[in-house]
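Trainee: Before anything else, here's the structure in question.
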Amino acid sequence: MSIELKNITKQFGAVAAVNQVTFSVQEGELMALLGPSGGGKTTVLRMIAGLEVPTSGDILIRGQRVNELSVQQRNIGFVFQNYALFKNMNVFKNIAFGLKIKKWKRRDIKARVAELVSLLGLEGLEKRYAHQLSGGQRQRVAIARALAPKPSVLLLDEPFGAVDAKIRQELREWLVTLHHELSVTTIFVTHDQEEAMEVSNRIVIFSKGDLEQIGTPREVYEQPANEFVARFIGVMNVLDTEVKAGVARVGELQFGTPNQPDGARLRIGFRPYAVQVSTDVNLFPYRAVLHRTYFLGIMLRLEFELASGLVLRSRMTKEEYAQLGLEDGKEVSLQIRNYRILATEEAALPPERQSAYQPPPSIAENI
Amino acid sequence: MRSQRYNPLPGFGLTMGCTILYLSVIVLIPIGGLFLRTLELSWADFWRLATADRALAAYKLTFGASLIAALVNAVFGTVVAWVLVRYEFPGKRFFDALVDFPFALPTAVAGLTLSNLFAANGWLGQWLVPLGIKGSFTPLGVVIALTFIGLPFVVRTLQPVLEGFEREVEEAAATLGAGRLRTFFSIVAPTLLPAIITGFALAFARAIGEYGSVIFIAGNKPYESEIAPLLIVIRLEEYDYTGAIALAVVLLVVSFCLLITINLLERWASRFQN
């Protein structure tokens, strides 16, 4: 067990930024702390680093309680959102800084810096200052600097927040590769669920200081612990319905919900891929019109308007779209293959329900 | 055909014209006139006037006291700016406003106040003079007056730089194992140095030219506590214009060389910036 948090609470004045959080990170794991901004994830990261002191609870690194250890003694590598490079030092000196403090020998420092420079693809930039580097290069210098003293844990705060979309994608892939090569325990903070799903082994989801769920990307996507997680991870159609004779209804939509009393108000959610489309208007139970198509590259996002005015979101590939011969304004029929009752945020969610036979969803739809 | 290049910012011609005109009228023409007047002097006369013992003593005091005052301000101005930017405390705005006081106060008033304060029977003087620290009517008085008028320069130059200094940079140093002192001397101080040097240069330049506050506290004894600007005024009052001009030219040339040196120093200190 590399890192353990036990009942960690952090109060800022009367506000609990982090509330009774317990989780552990395995040695060599690549973990994401995910949540909307203000969710407490950065505070958790800073407490692990020792930059904030928890109000109560224990933090253990490799079995040793580190609450009383100062930042300097914890042997962690921290990469800040804005990189926080030392502007008065060139790339070489930035990376060498931690080694100098640990009183490494000059020769060893040179060798270690050279090693990191080549690992991070910073060759030829050793003499440059921060202002002479691109955003992506600064980021890599910041990571090299954090890794140089061989930390037991690497912590990254919103590592891809400040670069443009293309470089962000490169950096994500590159972080996965780097983690694979070094297998240093890594925790990063992000508010982007796609990023968390793509990069990490496991995800910890926070909201308003509470830990909502821990799990692999697949687990949190397929078995969300509560409504917050279900809605935060991936895209979801959410409808408020009322139960009548064991069926939850809204507009013309009907969802079978046995064991629910009449008049109960239920929130129903389903993924875009659960919406099945046919151009045969009599095949599926609900008539709809393709209202708008959004082009997202290989995937298309579709908005269907039902006769009652309800709008449902669906996704499909370009090929499926072409096969069906869809275009804006086209009349179609729909069915909803599987859906979930989204209970209140506290209660655990019942498993997903299926309405009829359906083929398994293709991988591309899982975005 | 003439190719025309358009500048997206309009008004270059007009503003550049104004700038040249303004700088000419305010700076270049007066300085040019000064140098022209020195041509009336033969080289030997100029040398004699400019290097008279009394003049040399005055230069030494002016430049020496200005240097000490600017250095004191560089150190304490940095501390003041640091406290004003980094910490919250009651009366912060009051202290912040207080920094501008030397700018606003008529220099003669400042000089009178200071000389009274440090005189043998003054508030501070009655304790300091028995200890052998004579603030009024000595070269030390000159340093005190110049320190007073130079304070705002370092503080006001440094404040915006300190405000822009990212907290995370210090935290990054801490995560790498650096203690507070190490972080300050390896990272914070070098980053602030260019601004400190700029503030120092401004305070220094101001001190060299300062007249009003100094003449009240200095005592103005020739060869001892007489500053160069005062000696120029004395020469003018004696209708010795050429004498005054010789002194002025020396003051000007030396100041110019010093400011260029400081500028180079600042450029070196800020080599890591764009």
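Convention: chains lettered A, B, ... in structure tokens order; per-chain residue numbering from 1; ligands numbered from 1 as shown.
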Enumerate as a PDB file with all heavy atoms, in the first residue's frame the residues belonging to chain A that approach chain B to within 6 Å, with only C-alpha atoms taken into account.
Mentor:
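Contents of iface-v5.pdb, as written:
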```pdb
ATOM      1  N   VAL A  71       6.573  19.259   4.376  1.00  0.00           N
ATOM      2  CA  VAL A  71       6.629  19.034   2.931  1.00  0.00           C
ATOM      3  C   VAL A  71       8.008  18.525   2.528  1.00  0.00           C
ATOM      4  O   VAL A  71       8.140  17.589   1.735  1.00  0.00           O
ATOM      5  CB  VAL A  71       6.419  20.368   2.155  1.00  0.00           C
ATOM      6  CG1 VAL A  71       6.122  20.093   0.714  1.00  0.00           C
ATOM      7  CG2 VAL A  71       5.362  21.217   2.790  1.00  0.00           C
ATOM      8  N   GLN A  72       9.012  19.177   3.083  1.00  0.00           N
ATOM      9  CA  GLN A  72      10.392  18.890   2.684  1.00  0.00           C
ATOM     10  C   GLN A  72      10.785  17.440   2.962  1.00  0.00           C
ATOM     11  O   GLN A  72      11.620  16.871   2.273  1.00  0.00           O
ATOM     12  CB  GLN A  72      11.366  19.824   3.431  1.00  0.00           C
ATOM     13  CG  GLN A  72      11.375  21.260   2.913  1.00  0.00           C
ATOM     14  CD  GLN A  72      10.312  22.141   3.556  1.00  0.00           C
ATOM     15  OE1 GLN A  72       9.451  21.664   4.278  1.00  0.00           O
ATOM     16  NE2 GLN A  72      10.380  23.427   3.281  1.00  0.00           N
ATOM     17  N   ALA A  84       4.876  26.330 -12.167  1.00  0.00           N
ATOM     18  CA  ALA A  84       5.709  26.936 -11.132  1.00  0.00           C
ATOM     19  C   ALA A  84       7.200  26.660 -11.344  1.00  0.00           C
ATOM     20  O   ALA A  84       7.917  26.291 -10.428  1.00  0.00           O
ATOM     21  CB  ALA A  84       5.279  26.453  -9.743  1.00  0.00           C
ATOM     22  N   ASN A  88      14.257  32.061 -12.679  1.00  0.00           N
ATOM     23  CA  ASN A  88      15.633  32.546 -12.696  1.00  0.00           C
ATOM     24  C   ASN A  88      16.631  31.440 -13.000  1.00  0.00           C
ATOM     25  O   ASN A  88      17.825  31.659 -12.968  1.00  0.00           O
ATOM     26  CB  ASN A  88      15.963  33.195 -11.355  1.00  0.00           C
ATOM     27  CG  ASN A  88      15.797  32.225 -10.203  1.00  0.00           C
ATOM     28  OD1 ASN A  88      14.818  31.501 -10.136  1.00  0.00           O
ATOM     29  ND2 ASN A  88      16.766  32.190  -9.310  1.00  0.00           N
ATOM     30  N   GLY A  98      16.328  19.935  -6.917  1.00  0.00           N
ATOM     31  CA  GLY A  98      16.038  18.991  -5.835  1.00  0.00           C
ATOM     32  C   GLY A  98      17.245  18.115  -5.491  1.00  0.00           C
ATOM     33  O   GLY A  98      17.430  17.710  -4.338  1.00  0.00           O
ATOM     34  N   TYR A 129      15.531  29.240 -20.587  1.00  0.00           N
ATOM     35  CA  TYR A 129      14.744  29.681 -19.429  1.00  0.00           C
ATOM     36  C   TYR A 129      13.265  29.431 -19.706  1.00  0.00           C
ATOM     37  O   TYR A 129      12.866  29.236 -20.861  1.00  0.00           O
ATOM     38  CB  TYR A 129      14.997  31.158 -19.158  1.00  0.00           C
ATOM     39  CG  TYR A 129      16.380  31.412 -18.615  1.00  0.00           C
ATOM     40  CD1 TYR A 129      17.413  31.894 -19.422  1.00  0.00           C
ATOM     41  CD2 TYR A 129      16.667  31.151 -17.269  1.00  0.00           C
ATOM     42  CE1 TYR A 129      18.678  32.113 -18.919  1.00  0.00           C
ATOM     43  CE2 TYR A 129      17.924  31.367 -16.758  1.00  0.00           C
ATOM     44  CZ  TYR A 129      18.930  31.846 -17.583  1.00  0.00           C
ATOM     45  OH  TYR A 129      20.178  32.055 -17.077  1.00  0.00           O
TER      46      TYR A 129
END
```
Trainee: Could you list, as a PDB file with N, CA, C and O atoms, in the first residue's frame, every residue within 7 Å of A:Leu60, counting only C-alpha atoms and ignoring same-chain residues fewer than 4 positions away?
Mentor:
```pdb
ATOM      1  N   ILE A   3      -0.128   4.703  -0.502  1.00  0.00           N
ATOM      2  CA  ILE A   3      -0.677   5.859   0.196  1.00  0.00           C
ATOM      3  C   ILE A   3      -2.025   5.478   0.787  1.00  0.00           C
ATOM      4  O   ILE A   3      -2.829   4.833   0.134  1.00  0.00           O
ATOM      5  N   GLU A   4      -2.239   5.852   2.030  1.00  0.00           N
ATOM      6  CA  GLU A   4      -3.541   5.619   2.640  1.00  0.00           C
ATOM      7  C   GLU A   4      -4.050   6.906   3.275  1.00  0.00           C
ATOM      8  O   GLU A   4      -3.306   7.594   3.969  1.00  0.00           O
ATOM      9  N   LEU A   5      -5.304   7.221   3.002  1.00  0.00           N
ATOM     10  CA  LEU A   5      -5.955   8.331   3.694  1.00  0.00           C
ATOM     11  C   LEU A   5      -7.038   7.742   4.567  1.00  0.00           C
ATOM     12  O   LEU A   5      -7.838   6.921   4.101  1.00  0.00           O
ATOM     13  N   GLN A  64       3.917   4.607   6.771  1.00  0.00           N
ATOM     14  CA  GLN A  64       4.387   5.531   7.795  1.00  0.00           C
ATOM     15  C   GLN A  64       3.438   6.720   7.889  1.00  0.00           C
ATOM     16  O   GLN A  64       3.090   7.313   6.866  1.00  0.00           O
ATOM     17  N   ARG A  65       3.027   7.063   9.107  1.00  0.00           N
ATOM     18  CA  ARG A  65       2.132   8.195   9.267  1.00  0.00           C
ATOM     19  C   ARG A  65       2.925   9.473   9.005  1.00  0.00           C
ATOM     20  O   ARG A  65       3.981   9.692   9.625  1.00  0.00           O
ATOM     21  N   VAL A  66       2.432  10.298   8.078  1.00  0.00           N
ATOM     22  CA  VAL A  66       3.220  11.465   7.676  1.00  0.00           C
ATOM     23  C   VAL A  66       2.584  12.784   8.097  1.00  0.00           C
ATOM     24  O   VAL A  66       3.071  13.844   7.712  1.00  0.00           O
TER      25      VAL A  66
END
```
Trainee: Please identify all polymer residues within 8 Å of B:Leu162, counting only C-alpha atoms, omitting same-chain residues fewer than 3 positions from it, and present them as a short mmCIF file (atom, residue, chain, number, x, y, z; two decimals) with N, CA, C and O atoms, in the first residue's frame.
Mentor:
```cif
data_model
loop_
_atom_site.label_atom_id
_atom_site.label_comp_id
_atom_site.auth_asym_id
_atom_site.auth_seq_id
_atom_site.Cartn_x
_atom_site.Cartn_y
_atom_site.Cartn_z
N ALA B 81 8.14 46.33 1.23
CA ALA B 81 7.29 45.85 0.13
C ALA B 81 6.84 44.42 0.42
O ALA B 81 5.67 44.07 0.21
N TRP B 82 7.74 43.60 0.89
CA TRP B 82 7.44 42.19 1.23
C TRP B 82 6.29 42.10 2.22
O TRP B 82 5.32 41.38 2.02
N VAL B 85 2.92 43.37 0.77
CA VAL B 85 2.30 42.51 -0.23
C VAL B 85 1.88 41.17 0.36
O VAL B 85 0.80 40.66 0.09
N LEU B 158 8.94 47.45 -6.41
CA LEU B 158 8.95 46.03 -6.05
C LEU B 158 7.55 45.45 -5.85
O LEU B 158 7.31 44.28 -6.14
N GLN B 159 6.64 46.30 -5.39
CA GLN B 159 5.30 45.79 -5.05
C GLN B 159 4.62 45.00 -6.18
O GLN B 159 4.20 43.86 -5.96
N PHE B 165 4.37 37.37 -8.05
CA PHE B 165 5.18 36.19 -7.74
C PHE B 165 4.28 35.05 -7.30
O PHE B 165 3.50 35.19 -6.35
N LEU B 192 13.49 38.64 -7.72
CA LEU B 192 13.15 40.03 -7.39
C LEU B 192 14.28 41.01 -7.72
O LEU B 192 14.06 42.21 -7.82
#
```
Trainee: Looking at A:Trp174, A:Tyr83, A:Phe304, A:Tyr294, which one is nearest to A:Ser278, with distances taken over only C-alpha atoms?
Mentor: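 Nearest to A:Ser278: A:Phe304.
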Trainee: Could you state the separation of atom CA of A:Val113 and atom CA of A:Ile167 in Å, given to one decimal place?
Mentor: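 Between these atoms lies a distance of 23.8 Å.
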Trainee: Rounded to one decimal place, report the atom CA of A:Ser333-atom CA of A:Val275 distance in Å.
Mentor: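 Distance between the two atoms: 10.1 Å.
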Trainee: Which residues are near stretch 54-61 of chain B? Cut-off 8 Å, only C-alpha atoms, ignore same chain within fewer than 6 positions. Put them as a PyMOL selection string.
Mentor: chain B and resi 139+222-228+231+247+251
Trainee: What residues in stretch 183-268 of chain A get the DSSP label alpha helix (DSSP H)? Please answer as an NGL selection string.
Mentor: :A and (193-199 or 217-222 or 227-232)
Trainee: Of the candidates A:Thr22, A:Ser200, A:Ser2, A:Asn338, which shows the shortest atom-to-atom distance to A:Met236, using only C-alpha atoms?
Mentor: A:Asn338
Trainee: Have a look at atom CA of A:Leu69 and atom CA of A:Ile109 and let me know their distance in Å, one decimal.
Mentor: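 One can read the atom CA of A:Leu69 to atom CA of A:Ile109 distance as 25.8 Å.
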Trainee: Env of A:Asp262: 12 Å cut, atoms = only C-alpha atoms, seq-sep filter 2 positions within chain, self excluded. Answer as a ChimeraX atom specification.
Mentor: /A:241-249,257-260,264-266
Trainee: Mind checking which residues fall within 9 Å of B:Ile144, counting only C-alpha atoms, ignoring those fewer than 6 positions away in the same chain, and posting them as a compact mmCIF listing (two decimals) with N, CA, C and O atoms, in the first residue's frame?
Mentor:
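In the end it all went to result-v1.txt:
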```
# COMPACT_ATOMS: atom_id res chain seq x y z
N ALA B 65 26.99 59.50 -0.08
CA ALA B 65 25.77 59.47 0.74
C ALA B 65 24.59 58.92 -0.07
O ALA B 65 23.78 58.15 0.45
N ALA B 69 22.49 55.71 0.99
CA ALA B 69 21.03 55.85 1.18
C ALA B 69 20.27 54.90 0.27
O ALA B 69 19.32 54.24 0.71
N LEU B 114 13.54 66.70 9.92
CA LEU B 114 14.61 65.75 10.23
C LEU B 114 15.71 66.42 11.05
O LEU B 114 16.23 65.84 12.01
N GLY B 135 23.14 63.21 14.17
CA GLY B 135 22.38 63.16 12.92
C GLY B 135 22.33 64.50 12.22
O GLY B 135 22.40 64.56 11.01
N VAL B 214 18.19 68.23 2.04
CA VAL B 214 19.55 68.01 2.57
C VAL B 214 20.11 69.28 3.20
O VAL B 214 20.73 69.24 4.27
N ILE B 217 19.50 69.81 6.97
CA ILE B 217 20.04 68.90 7.98
C ILE B 217 21.55 68.78 7.88
O ILE B 217 22.22 68.41 8.85
```
Trainee: Measuring atom to atom with only C-alpha atoms, identify which of A:Pro159, A:Gly297, A:Gly50, A:Gly234 is nearest to A:Val189.
Mentor: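 Among the listed residues, the smallest separation from A:Val189 belongs to A:Pro159.
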Trainee: Give me the residues near B:Leu84 as an MDAnalysis selection string, where near means some atom within 8 Å (using only C-alpha atoms) and where sequence neighbours in that chain fewer than 6 positions away do not count.
Mentor: chainID B and resid 92 95:96 159
Trainee: For the selection just defined, write its residues with N, CA and C atoms to a file, as a PDB file, in the first residue's frame.
Mentor:
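File selection20.pdb, as written:
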```
ATOM      1  N   LYS B  92      -2.817  48.060   7.451  1.00  0.00           N
ATOM      2  CA  LYS B  92      -1.981  47.822   6.269  1.00  0.00           C
ATOM      3  C   LYS B  92      -2.089  48.966   5.253  1.00  0.00           C
ATOM      4  N   PHE B  95      -0.203  52.051   6.381  1.00  0.00           N
ATOM      5  CA  PHE B  95       1.243  51.949   6.178  1.00  0.00           C
ATOM      6  C   PHE B  95       1.585  52.068   4.699  1.00  0.00           C
ATOM      7  N   ASP B  96       0.708  51.496   3.873  1.00  0.00           N
ATOM      8  CA  ASP B  96       0.936  51.559   2.442  1.00  0.00           C
ATOM      9  C   ASP B  96       0.918  53.007   1.963  1.00  0.00           C
ATOM     10  N   GLN B 159       6.637  46.295  -5.385  1.00  0.00           N
ATOM     11  CA  GLN B 159       5.297  45.786  -5.048  1.00  0.00           C
ATOM     12  C   GLN B 159       4.622  44.997  -6.178  1.00  0.00           C
TER      13      GLN B 159
END
```
